[in-house]
Every structure is written in structure tokens, then in C-alpha cells.
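Peer 1: Quick one, my_file_15.cif (mmCIF, C-alpha atoms):
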data_structure
loop_
_atom_site.label_atom_id
_atom_site.label_comp_id
_atom_site.auth_asym_id
_atom_site.auth_seq_id
_atom_site.Cartn_x
_atom_site.Cartn_y
_atom_site.Cartn_z
CA LEU A 1 10.06 -17.88 -103.06
CA GLU A 2 10.00 -21.58 -102.27
CA GLN A 3 6.39 -21.93 -103.48
CA TYR A 4 7.28 -20.06 -106.69
CA ILE A 5 10.09 -22.53 -107.37
CA PHE A 6 7.76 -25.47 -106.79
CA LYS A 7 5.22 -24.10 -109.27
CA ASN A 8 7.49 -22.70 -111.98
CA ILE A 9 10.87 -24.48 -111.98
CA MET A 10 11.40 -28.09 -112.97
CA ILE A 11 14.40 -29.74 -111.34
CA TRP A 12 16.26 -31.81 -113.92
CA SER A 13 19.62 -33.59 -113.66
CA ARG A 14 21.21 -30.81 -115.73
CA ASN A 15 20.22 -28.06 -113.29
CA SER A 16 19.97 -29.99 -110.02
CA LEU A 17 23.45 -29.06 -108.78
CA MET A 18 22.88 -25.34 -109.22
CA THR A 19 19.42 -25.67 -107.67
CA LEU A 20 20.95 -27.44 -104.68
CA LYS A 21 23.56 -24.73 -104.25
CA PHE A 22 20.92 -22.01 -104.56
CA ALA A 23 18.61 -23.72 -102.04
CA HIS A 24 21.48 -24.24 -99.62
CA SER A 25 22.50 -20.58 -99.69
CA LEU A 26 18.92 -19.37 -99.09
CA HIS A 27 17.99 -22.11 -96.59
CA LEU A 28 15.13 -23.41 -98.74
CA GLU A 29 14.80 -26.81 -97.09
CA GLU A 30 12.09 -28.32 -99.30
CA VAL A 31 13.81 -27.26 -102.52
CA HIS A 32 17.08 -28.58 -101.07
CA THR A 33 15.43 -31.96 -100.45
CA LEU A 34 14.00 -32.13 -103.98
CA ALA A 35 17.31 -31.16 -105.60
CA THR A 36 19.18 -33.71 -103.49
CA ALA A 37 16.76 -36.47 -104.50
CA SER A 38 17.18 -35.55 -108.17
CA ILE A 39 20.97 -35.69 -107.89
CA LEU A 40 20.94 -39.04 -106.07
CA ASN A 41 18.56 -40.58 -108.62
CA HIS A 42 20.39 -39.26 -111.71
CA PHE A 43 23.96 -39.10 -110.46
CA ASP A 44 25.45 -40.90 -113.47
CA GLU A 45 23.81 -38.43 -115.88
CA ILE A 46 25.64 -35.43 -114.41
CA ASP A 47 29.00 -34.36 -115.84
CA PRO A 48 31.58 -35.06 -113.07
CA LYS A 49 33.19 -31.67 -113.74
CA LEU A 50 30.03 -29.85 -112.61
CA PHE A 51 30.40 -31.09 -109.02
CA SER A 52 33.32 -28.67 -108.62
CA LYS A 53 30.67 -25.93 -108.16
CA LEU A 54 29.75 -27.41 -104.77
CA SER A 55 31.48 -26.96 -101.45
CA VAL A 56 33.29 -29.91 -99.87
CA GLU A 57 30.52 -30.17 -97.27
CA MET A 58 27.77 -30.33 -99.88
CA LEU A 59 29.60 -32.89 -102.01
CA GLU A 60 30.44 -35.00 -98.99
CA SER A 61 26.78 -35.11 -97.92
CA LEU A 62 25.84 -36.45 -101.37
CA LEU A 63 28.60 -39.01 -101.71
CA LYS A 64 27.93 -40.55 -98.30
CA GLN A 65 24.33 -41.41 -99.18
CA ASP A 66 23.35 -45.08 -99.33
CA LYS A 67 20.62 -44.07 -101.80
CA LEU A 68 23.12 -42.74 -104.34
CA ASN A 69 22.13 -44.36 -107.65
CA SER A 70 25.51 -44.83 -109.26
CA SER A 71 28.31 -47.26 -109.84
CA GLU A 72 31.15 -46.79 -107.37
CA ASP A 73 33.46 -46.25 -110.34
CA ASN A 74 31.58 -43.06 -111.20
CA VAL A 75 31.75 -41.89 -107.58
CA LEU A 76 35.53 -42.21 -107.86
CA ASN A 77 35.50 -40.21 -111.11
CA VAL A 78 33.64 -37.38 -109.36
CA ILE A 79 36.03 -37.38 -106.39
CA ILE A 80 39.17 -37.31 -108.54
CA LYS A 81 37.79 -34.58 -110.84
CA TYR A 82 36.90 -32.51 -107.79
CA LEU A 83 40.28 -32.97 -106.09
CA ASP A 84 42.23 -32.18 -109.24
CA SER A 85 40.24 -29.04 -110.06
CA VAL A 86 39.33 -27.57 -106.66
CA LYS A 87 42.44 -28.75 -104.78
CA PRO A 88 40.94 -28.68 -101.25
CA ASN A 89 43.15 -28.80 -98.18
CA GLN A 90 44.45 -32.09 -96.77
CA ASP A 91 41.64 -32.60 -94.26
CA ASP A 92 38.89 -31.93 -96.80
CA THR A 93 40.63 -34.18 -99.33
CA ARG A 94 40.58 -37.01 -96.82
CA ARG A 95 36.89 -36.42 -96.07
CA LEU A 96 36.01 -36.91 -99.73
CA TRP A 97 38.16 -40.01 -100.11
CA LEU A 98 36.34 -41.55 -97.17
CA CYS A 99 33.08 -41.30 -99.15
CA CYS A 100 34.39 -43.79 -101.71
CA ARG A 101 33.51 -47.46 -101.11
CA LEU A 102 36.76 -48.80 -102.47
CA VAL A 103 35.99 -52.50 -102.15
CA HIS A 104 33.13 -52.06 -104.65
CA LEU A 105 35.29 -50.42 -107.32
CA SER A 106 36.32 -52.36 -110.40
CA SER A 107 39.93 -53.60 -110.36
CA GLU A 108 40.90 -50.94 -112.91
CA LYS A 109 39.47 -48.13 -110.79
CA GLN A 110 41.04 -49.50 -107.60
CA LEU A 111 44.43 -49.21 -109.29
CA ILE A 112 43.65 -45.64 -110.39
CA ALA A 113 42.69 -44.75 -106.81
CA PHE A 114 45.88 -46.22 -105.36
CA GLN A 115 47.98 -44.28 -107.87
CA HIS A 116 46.44 -40.91 -106.94
CA ASP A 117 48.80 -38.75 -104.88
CA ALA A 118 46.17 -37.88 -102.26
CA PHE A 119 44.86 -41.42 -101.72
CA PRO A 120 44.77 -42.32 -97.96
CA ARG A 121 46.16 -45.86 -98.05
CA ASP A 122 46.02 -46.33 -94.28
CA VAL A 123 42.23 -46.05 -94.07
CA PHE A 124 41.45 -48.57 -96.75
CA CYS A 125 43.61 -51.34 -95.24
CA GLU A 126 40.81 -51.87 -92.72
CA ASP A 127 38.21 -51.92 -95.49
CA PHE A 128 39.97 -54.61 -97.52
CA ILE A 129 40.69 -56.79 -94.51
CA ALA A 130 37.14 -56.48 -93.16
CA SER A 131 35.57 -57.13 -96.58
CA LYS A 132 37.69 -60.24 -97.17
CA ALA A 133 37.03 -61.54 -93.67
CA LEU A 134 33.27 -61.07 -94.04
CA GLY A 135 33.28 -62.72 -97.45
CA ARG A 136 35.12 -65.78 -96.15
CA GLY A 137 33.00 -66.07 -93.03
CA ILE A 138 35.90 -65.28 -90.68
CA ILE A 139 33.91 -62.35 -89.29
CA LYS A 140 30.28 -63.21 -88.52
CA ASN A 141 29.10 -59.86 -87.19
CA SER A 142 30.70 -56.68 -88.48
CA ASN A 143 28.78 -54.63 -85.88
CA THR A 144 31.12 -55.78 -83.12
CA THR A 145 34.41 -56.30 -84.95
CA VAL A 146 35.01 -53.27 -87.22
CA SER A 147 34.51 -49.55 -86.82
CA SER A 148 31.22 -47.94 -87.81
CA ASN A 149 32.97 -45.90 -90.53
CA CYS A 150 34.43 -49.07 -92.00
CA ARG A 151 31.00 -50.76 -91.94
CA ASN A 152 29.58 -47.86 -93.94
CA ARG A 153 32.36 -47.98 -96.51
CA ILE A 154 32.19 -51.73 -97.16
CA ALA A 155 28.39 -51.76 -97.35
CA LEU A 156 26.79 -51.90 -100.76
CA ARG A 157 24.74 -48.82 -101.56
CA ASN A 158 21.29 -50.14 -100.71
CA ASN A 159 19.46 -49.49 -103.97
CA ASN A 160 21.82 -51.53 -106.09
CA TYR A 161 20.96 -55.17 -106.67
CA PHE A 162 23.46 -55.77 -109.46
CA LEU A 163 26.41 -58.13 -109.49
CA ARG A 164 29.82 -56.47 -109.52
CA PRO A 165 33.32 -57.79 -110.26
CA SER A 166 34.25 -57.37 -106.59
CA MET A 167 31.54 -59.91 -105.65
CA VAL A 168 32.42 -62.69 -108.08
CA ASP A 169 34.95 -64.46 -105.84
CA TYR A 170 32.35 -64.61 -103.05
CA LEU A 171 29.48 -66.21 -104.99
CA LYS A 172 28.12 -69.21 -103.09
CA ASN A 173 25.23 -71.65 -103.45
CA GLN A 174 22.99 -71.30 -100.41
CA GLY A 175 20.17 -73.78 -100.82
CA ASN A 176 18.25 -72.73 -103.91
CA ARG A 177 19.95 -69.33 -104.02
CA ILE A 178 23.21 -68.03 -105.39
CA THR A 179 24.50 -64.95 -103.63
CA PRO A 180 27.87 -63.28 -102.91
CA SER A 181 28.64 -63.49 -99.20
CA ASN A 182 30.02 -59.95 -99.23
CA ALA A 183 26.77 -58.52 -100.70
CA PRO A 184 23.79 -60.71 -99.73
CA ILE A 185 21.31 -58.20 -101.20
CA VAL A 186 22.43 -59.47 -104.63
CA THR A 187 20.65 -62.82 -104.95
CA PHE A 188 19.64 -65.17 -107.77
CA LYS A 189 17.51 -68.29 -107.81
CA LEU A 190 15.79 -70.67 -110.23
CA LEU A 191 12.02 -71.06 -110.59
CA PRO A 192 10.58 -73.56 -110.09
CA GLU A 193 13.06 -74.83 -107.56
CA VAL A 194 15.00 -77.88 -108.62
CA GLY A 195 13.39 -80.90 -106.98
CA SER A 196 10.07 -79.12 -106.37
CA ASP A 197 6.87 -81.16 -106.52
CA ILE A 198 5.45 -79.98 -109.82
CA ASN A 199 4.23 -81.56 -113.07
CA PRO A 200 7.44 -81.77 -115.14
CA PHE A 201 5.58 -81.26 -118.42
CA GLU A 202 3.50 -78.24 -117.43
CA GLN A 203 5.25 -75.88 -115.04
CA LYS A 204 3.16 -72.80 -114.33
CA ILE A 205 4.90 -70.39 -112.02
CA GLY A 206 4.42 -66.81 -110.90
CA ILE A 207 7.19 -64.41 -109.95
CA PRO A 208 7.16 -63.76 -106.19
CA GLU A 209 7.04 -60.19 -104.91
CA GLY A 210 10.53 -58.72 -104.66
CA TRP A 211 11.90 -60.83 -107.53
CA CYS A 212 12.39 -60.08 -111.25
CA VAL A 213 13.30 -62.24 -114.23
CA VAL A 214 16.93 -61.71 -115.28
CA LYS A 215 17.23 -59.84 -118.61
CA THR A 216 19.97 -59.92 -121.22
CA THR A 217 19.87 -56.11 -121.09
CA ASP A 218 20.79 -56.05 -117.37
CA SER A 219 24.05 -54.16 -116.99
CA ASP A 220 25.63 -57.12 -115.17
CA PHE A 221 24.39 -59.86 -117.52
CA ASN A 222 27.87 -60.74 -118.77
CA LEU A 223 28.92 -61.40 -115.18
CA ILE A 224 25.75 -63.43 -114.59
CA GLN A 225 26.39 -65.50 -117.69
CA GLN A 226 30.03 -66.14 -116.78
CA HIS A 227 29.71 -66.71 -113.04
CA VAL A 228 26.09 -67.62 -112.23
CA ILE A 229 24.57 -69.45 -115.21
CA VAL A 230 27.80 -71.36 -115.76
CA ASN A 231 27.40 -73.01 -112.34
CA LEU A 232 23.76 -74.09 -112.68
CA GLY A 233 24.43 -77.60 -113.93
CA SER A 234 22.54 -79.21 -116.79
CA VAL A 235 19.28 -77.25 -116.51
CA GLU A 236 18.18 -75.03 -119.37
CA VAL A 237 18.06 -71.50 -118.02
CA TYR A 238 15.58 -68.97 -119.38
CA VAL A 239 16.04 -65.19 -119.20
CA LYS A 240 14.23 -62.31 -120.85
CA ASN A 241 15.66 -61.36 -124.22
CA GLY A 242 13.68 -58.39 -125.48
CA ASP A 243 10.08 -59.53 -126.04
CA CYS A 244 11.14 -63.16 -125.97
CA LEU A 245 12.75 -65.69 -123.64
CA GLY A 246 16.31 -66.70 -124.42
CA ALA A 247 17.64 -70.14 -123.47
CA PHE A 248 21.08 -70.59 -121.94
CA SER A 249 22.91 -73.72 -120.95
CA GLY A 250 24.02 -74.18 -117.37
CA LYS A 251 26.89 -76.35 -118.57
CA ASP A 252 29.11 -73.65 -119.99
CA GLY A 253 27.20 -70.37 -119.82
CA ILE A 254 27.11 -70.06 -123.60
CA GLU A 255 23.88 -69.55 -125.52
CA PRO A 256 23.23 -72.88 -127.30
CA GLY A 257 21.36 -71.31 -130.20
CA SER A 258 17.91 -72.28 -128.96
CA PRO A 259 15.05 -70.63 -130.86
CA CYS A 260 13.63 -67.43 -129.42
CA LEU A 261 10.30 -68.34 -127.87
CA HIS A 262 7.59 -65.71 -128.21
CA ASN A 263 5.87 -64.15 -125.23
CA HIS A 264 2.39 -65.47 -125.78
CA ASN A 265 3.62 -69.07 -125.43
CA TRP A 266 5.14 -68.38 -122.05
CA ILE A 267 3.49 -65.50 -120.22
CA GLU A 268 -0.11 -64.96 -119.22
CA LYS A 269 -1.80 -62.59 -116.81
CA ILE A 270 -3.69 -63.92 -113.83
CA GLY A 271 -6.98 -62.05 -113.27
CA ASP A 272 -6.72 -58.81 -111.37
CA LYS A 273 -3.41 -59.68 -109.78
CA LYS A 274 -1.56 -58.49 -112.86
CA MET A 275 1.20 -60.93 -112.12
CA GLU A 276 3.26 -62.54 -114.87
CA GLU A 277 2.88 -66.30 -114.99
CA TYR A 278 5.27 -68.43 -116.99
CA ASN A 279 4.28 -71.73 -118.51
CA ILE A 280 7.41 -73.86 -119.03
CA ARG A 281 6.91 -77.09 -120.94
CA ASN A 282 10.51 -78.25 -120.71
CA PRO A 283 10.98 -80.49 -117.60
CA LYS A 284 14.58 -79.27 -117.29
CA GLY A 285 13.72 -75.64 -117.97
CA ARG A 286 14.04 -73.05 -115.22
CA LEU A 287 13.57 -69.27 -115.04
CA LEU A 288 16.46 -67.32 -113.57
CA VAL A 289 15.21 -64.55 -111.28
CA ARG A 290 16.95 -62.01 -109.10
CA ALA A 291 16.12 -59.98 -106.02
CA CYS A 292 14.89 -56.53 -106.98
CA ARG A 293 13.03 -53.58 -105.50
#
Written as C-alpha cells, how would this file's structure read?
Peer 2:
Amino acid sequence: LEQYIFKNIMIWSRNSLMTLKFAHSLHLEEVHTLATASILNHFDEIDPKLFSKLSVEMLESLLKQDKLNSSEDNVLNVIIKYLDSVKPNQDDTRRLWLCCRLVHLSSEKQLIAFQHDAFPRDVFCEDFIASKALGRGIIKNSNTTVSSNCRNRIALRNNNYFLRPSMVDYLKNQGNRITPSNAPIVTFKLLPEVGSDINPFEQKIGIPEGWCVVKTTDSDFNLIQQHVIVNLGSVEVYVKNGDCLGAFSGKDGIEPGSPCLHNHNWIEKIGDKKMEEYNIRNPKGRLLVRACR
């Protein structure tokens, strides 16, 4: 049966929940693994109402995953829809709430969570205190000062490198990098580094492995413009804007109306390395890059 499914049934986001439930009931481990991976990768594409078809145990196992590819706001939507429709008992309700990483919710969603009748306020006191203490440097090592459950809940889901509102207050300049102290995986820097020994009229730079040029289409670009670019001083900051490079001022974070500079003037491939190289002819120009997978 399992081999038949592999050969004849495609697992899409629209059928992944039912496939998971089917595989769970028949103990089809490989199909279960594939369906789980599909759900984690396409979580935001699934109607929150459909999760009510799963048991509490199955939903809990999904929502606890660090690899869950979703905003925390959408995780909250799924939990609330499930609680309001399925109405599990008190213990199961608490189990699902503990899957939500409250400190990474937007302010609006945090308020919605607090207003829900079943919200366990006692548990999240530790989360807020620990998150604030880590962000301010009061706690240096969470491994020895907070519970393991709290560490899991305040950790950023590990496949998300995007800036969130909950990180803005913790943004700090650390050498050539700008990163929130409560989510160090989210990191930005300028290339070439300010003060680097390079010809100011012909700056040819490659993008290091593990870094990507910031794009205006990034879901967090408004936050980057308001809280990262705005603090970069008088340099002219370049980011990808479609097929071009857009120029932004570090003075106020507002696009100064610089002309859109076409690709072929800025990017060239280097032999077989297939690595983008940028040629910047403005001595004050810098590329803004971010940590990425």
C-alpha cells in the first residue's frame, strides 16, 4: 500500500492533512514523514479550519516543530480555530497553547491571545521575562537559567531569517553587523565593509556563502527600511528592486529617488563559480545583505 501511494498519489498542501491522518491510522511511517514535511513547508497555504480534522496529539506534534515554515501569527490562528471548533478538554487546550511562541507574535496577535478565555497566562510570564532578559543581556546563558520548555518557546523557529516586530527593540550594531539580540540568526551587514581597504572608485565584491542581497520584495522590507537602513548613517544603501538595484539613504530610510540601475552595470558572473559579483562605482555605496539559508 505504501509503495502504491508513493507511485500514484502526489502529496500537495491541499491534501497533506488528510494524507497525514490516513498514514497515522495505518502506521505508514514513510508516507507519514512525507505528509508531515509537506505540511511544515506549506503551513501558511492550508486553511486553518482544516486542522480541526486532526487529533490534539497530531496537531501538537506539528506545531512544536522548529522547521515549521510559518509566521507565529498564523500558528496562533490555527490554535484558536482548533480550540473554538473542537473544544478539547482543559489539559489538551493547555498543550496546544504551549506550542505557540508568544514572544514572536505581532502586538495585535499577542492582545488577541491574552483575550482568549483559555489562554494560560501563568506560563507565558516566564517567556516574556526570559525573552526581555536575554535581549537586554541580563541573562547570558538561557541553558542554565530558564526551563527547557521556556527555551523552546522563546526560540525563533530555525528556518526563519526575517525581521519581526518583536525584534525591533533589540536591534544592535555589533561590529559590521546589525542583529537583534533576542534573535541572532537574523543578521544584516554592508558590503564592502565600511573602512575596508578597497579602491573607492571600483568596488567589486562577491556575496559570501550564507548571505543574500536584501530585496524590496522581502516580507520584512518595511521593517528593514524603518529600523535597519535608517541607522546606517550617510552611506547609500543598495538593495535588489526587481531586476534592478534600488538606492536608499541611510539618513532617513526613505528612497531618495535615485535612478534604477540596470543589472548588467552591476552584476557579472565569475567563471564556473556562478557567484554574483557586484561592481559599485560609488565610493559611499554599499550593498545590504542578510543571513540566509
Peer 1: Tell me, in Å to one decimal, how far atom CA of Ala133 of chain A is from atom CA of Thr93 of chain A.
Peer 2: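 Here the two named atoms are 28.2 Å from each other.
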Peer 1: Here's the selection I'm unsure about, the PyMOL selection byres ((chain A and resi 220) around 8); applied to the file above, which residues does it give, as a PyMOL selection string?
Peer 2: chain A and resi 162-164+218-219+221-224
Peer 1: For Cys244 of chain A, which residue among A:Tyr161, A:Tyr278, A:Tyr170, A:Phe43 is the nearest when counting all atoms listed in the file?
Peer 2: A:Tyr278
Peer 1: Name the residues that the PyMOL selection byres ((chain A and resi 189-193) around 10) pulls out of this structure, and write them as JSON, numbers by chain.
Peer 2: {"A": [173, 174, 175, 176, 177, 178, 179, 187, 188, 194, 195, 196, 197, 198, 203, 204, 205, 206, 207, 208, 211, 213, 214, 228, 232, 235, 237, 238, 278, 280, 285, 286, 287, 288, 289, 290, 291]}
Peer 1: How would the residues just picked look written out with C-alpha atoms as a PDB file, in the frame of the given file?
Peer 2:
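Saved result, again_17.pdb, follows:
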ATOM      1  CA  ASN A 173      25.230 -71.650-103.450  1.00  0.00           C
ATOM      2  CA  GLN A 174      22.990 -71.300-100.410  1.00  0.00           C
ATOM      3  CA  GLY A 175      20.170 -73.780-100.820  1.00  0.00           C
ATOM      4  CA  ASN A 176      18.250 -72.730-103.910  1.00  0.00           C
ATOM      5  CA  ARG A 177      19.950 -69.330-104.020  1.00  0.00           C
ATOM      6  CA  ILE A 178      23.210 -68.030-105.390  1.00  0.00           C
ATOM      7  CA  THR A 179      24.500 -64.950-103.630  1.00  0.00           C
ATOM      8  CA  THR A 187      20.650 -62.820-104.950  1.00  0.00           C
ATOM      9  CA  PHE A 188      19.640 -65.170-107.770  1.00  0.00           C
ATOM     10  CA  VAL A 194      15.000 -77.880-108.620  1.00  0.00           C
ATOM     11  CA  GLY A 195      13.390 -80.900-106.980  1.00  0.00           C
ATOM     12  CA  SER A 196      10.070 -79.120-106.370  1.00  0.00           C
ATOM     13  CA  ASP A 197       6.870 -81.160-106.520  1.00  0.00           C
ATOM     14  CA  ILE A 198       5.450 -79.980-109.820  1.00  0.00           C
ATOM     15  CA  GLN A 203       5.250 -75.880-115.040  1.00  0.00           C
ATOM     16  CA  LYS A 204       3.160 -72.800-114.330  1.00  0.00           C
ATOM     17  CA  ILE A 205       4.900 -70.390-112.020  1.00  0.00           C
ATOM     18  CA  GLY A 206       4.420 -66.810-110.900  1.00  0.00           C
ATOM     19  CA  ILE A 207       7.190 -64.410-109.950  1.00  0.00           C
ATOM     20  CA  PRO A 208       7.160 -63.760-106.190  1.00  0.00           C
ATOM     21  CA  TRP A 211      11.900 -60.830-107.530  1.00  0.00           C
ATOM     22  CA  VAL A 213      13.300 -62.240-114.230  1.00  0.00           C
ATOM     23  CA  VAL A 214      16.930 -61.710-115.280  1.00  0.00           C
ATOM     24  CA  VAL A 228      26.090 -67.620-112.230  1.00  0.00           C
ATOM     25  CA  LEU A 232      23.760 -74.090-112.680  1.00  0.00           C
ATOM     26  CA  VAL A 235      19.280 -77.250-116.510  1.00  0.00           C
ATOM     27  CA  VAL A 237      18.060 -71.500-118.020  1.00  0.00           C
ATOM     28  CA  TYR A 238      15.580 -68.970-119.380  1.00  0.00           C
ATOM     29  CA  TYR A 278       5.270 -68.430-116.990  1.00  0.00           C
ATOM     30  CA  ILE A 280       7.410 -73.860-119.030  1.00  0.00           C
ATOM     31  CA  GLY A 285      13.720 -75.640-117.970  1.00  0.00           C
ATOM     32  CA  ARG A 286      14.040 -73.050-115.220  1.00  0.00           C
ATOM     33  CA  LEU A 287      13.570 -69.270-115.040  1.00  0.00           C
ATOM     34  CA  LEU A 288      16.460 -67.320-113.570  1.00  0.00           C
ATOM     35  CA  VAL A 289      15.210 -64.550-111.280  1.00  0.00           C
ATOM     36  CA  ARG A 290      16.950 -62.010-109.100  1.00  0.00           C
ATOM     37  CA  ALA A 291      16.120 -59.980-106.020  1.00  0.00           C
TER      38      ALA A 291
END
Peer 1: If you measure from atom CA of Glu45 of chain A to atom CA of Lys240 of chain A, what distance in Å do you get, rounded to one decimal?
Peer 2: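 These two atoms are separated by 26.2 Å.
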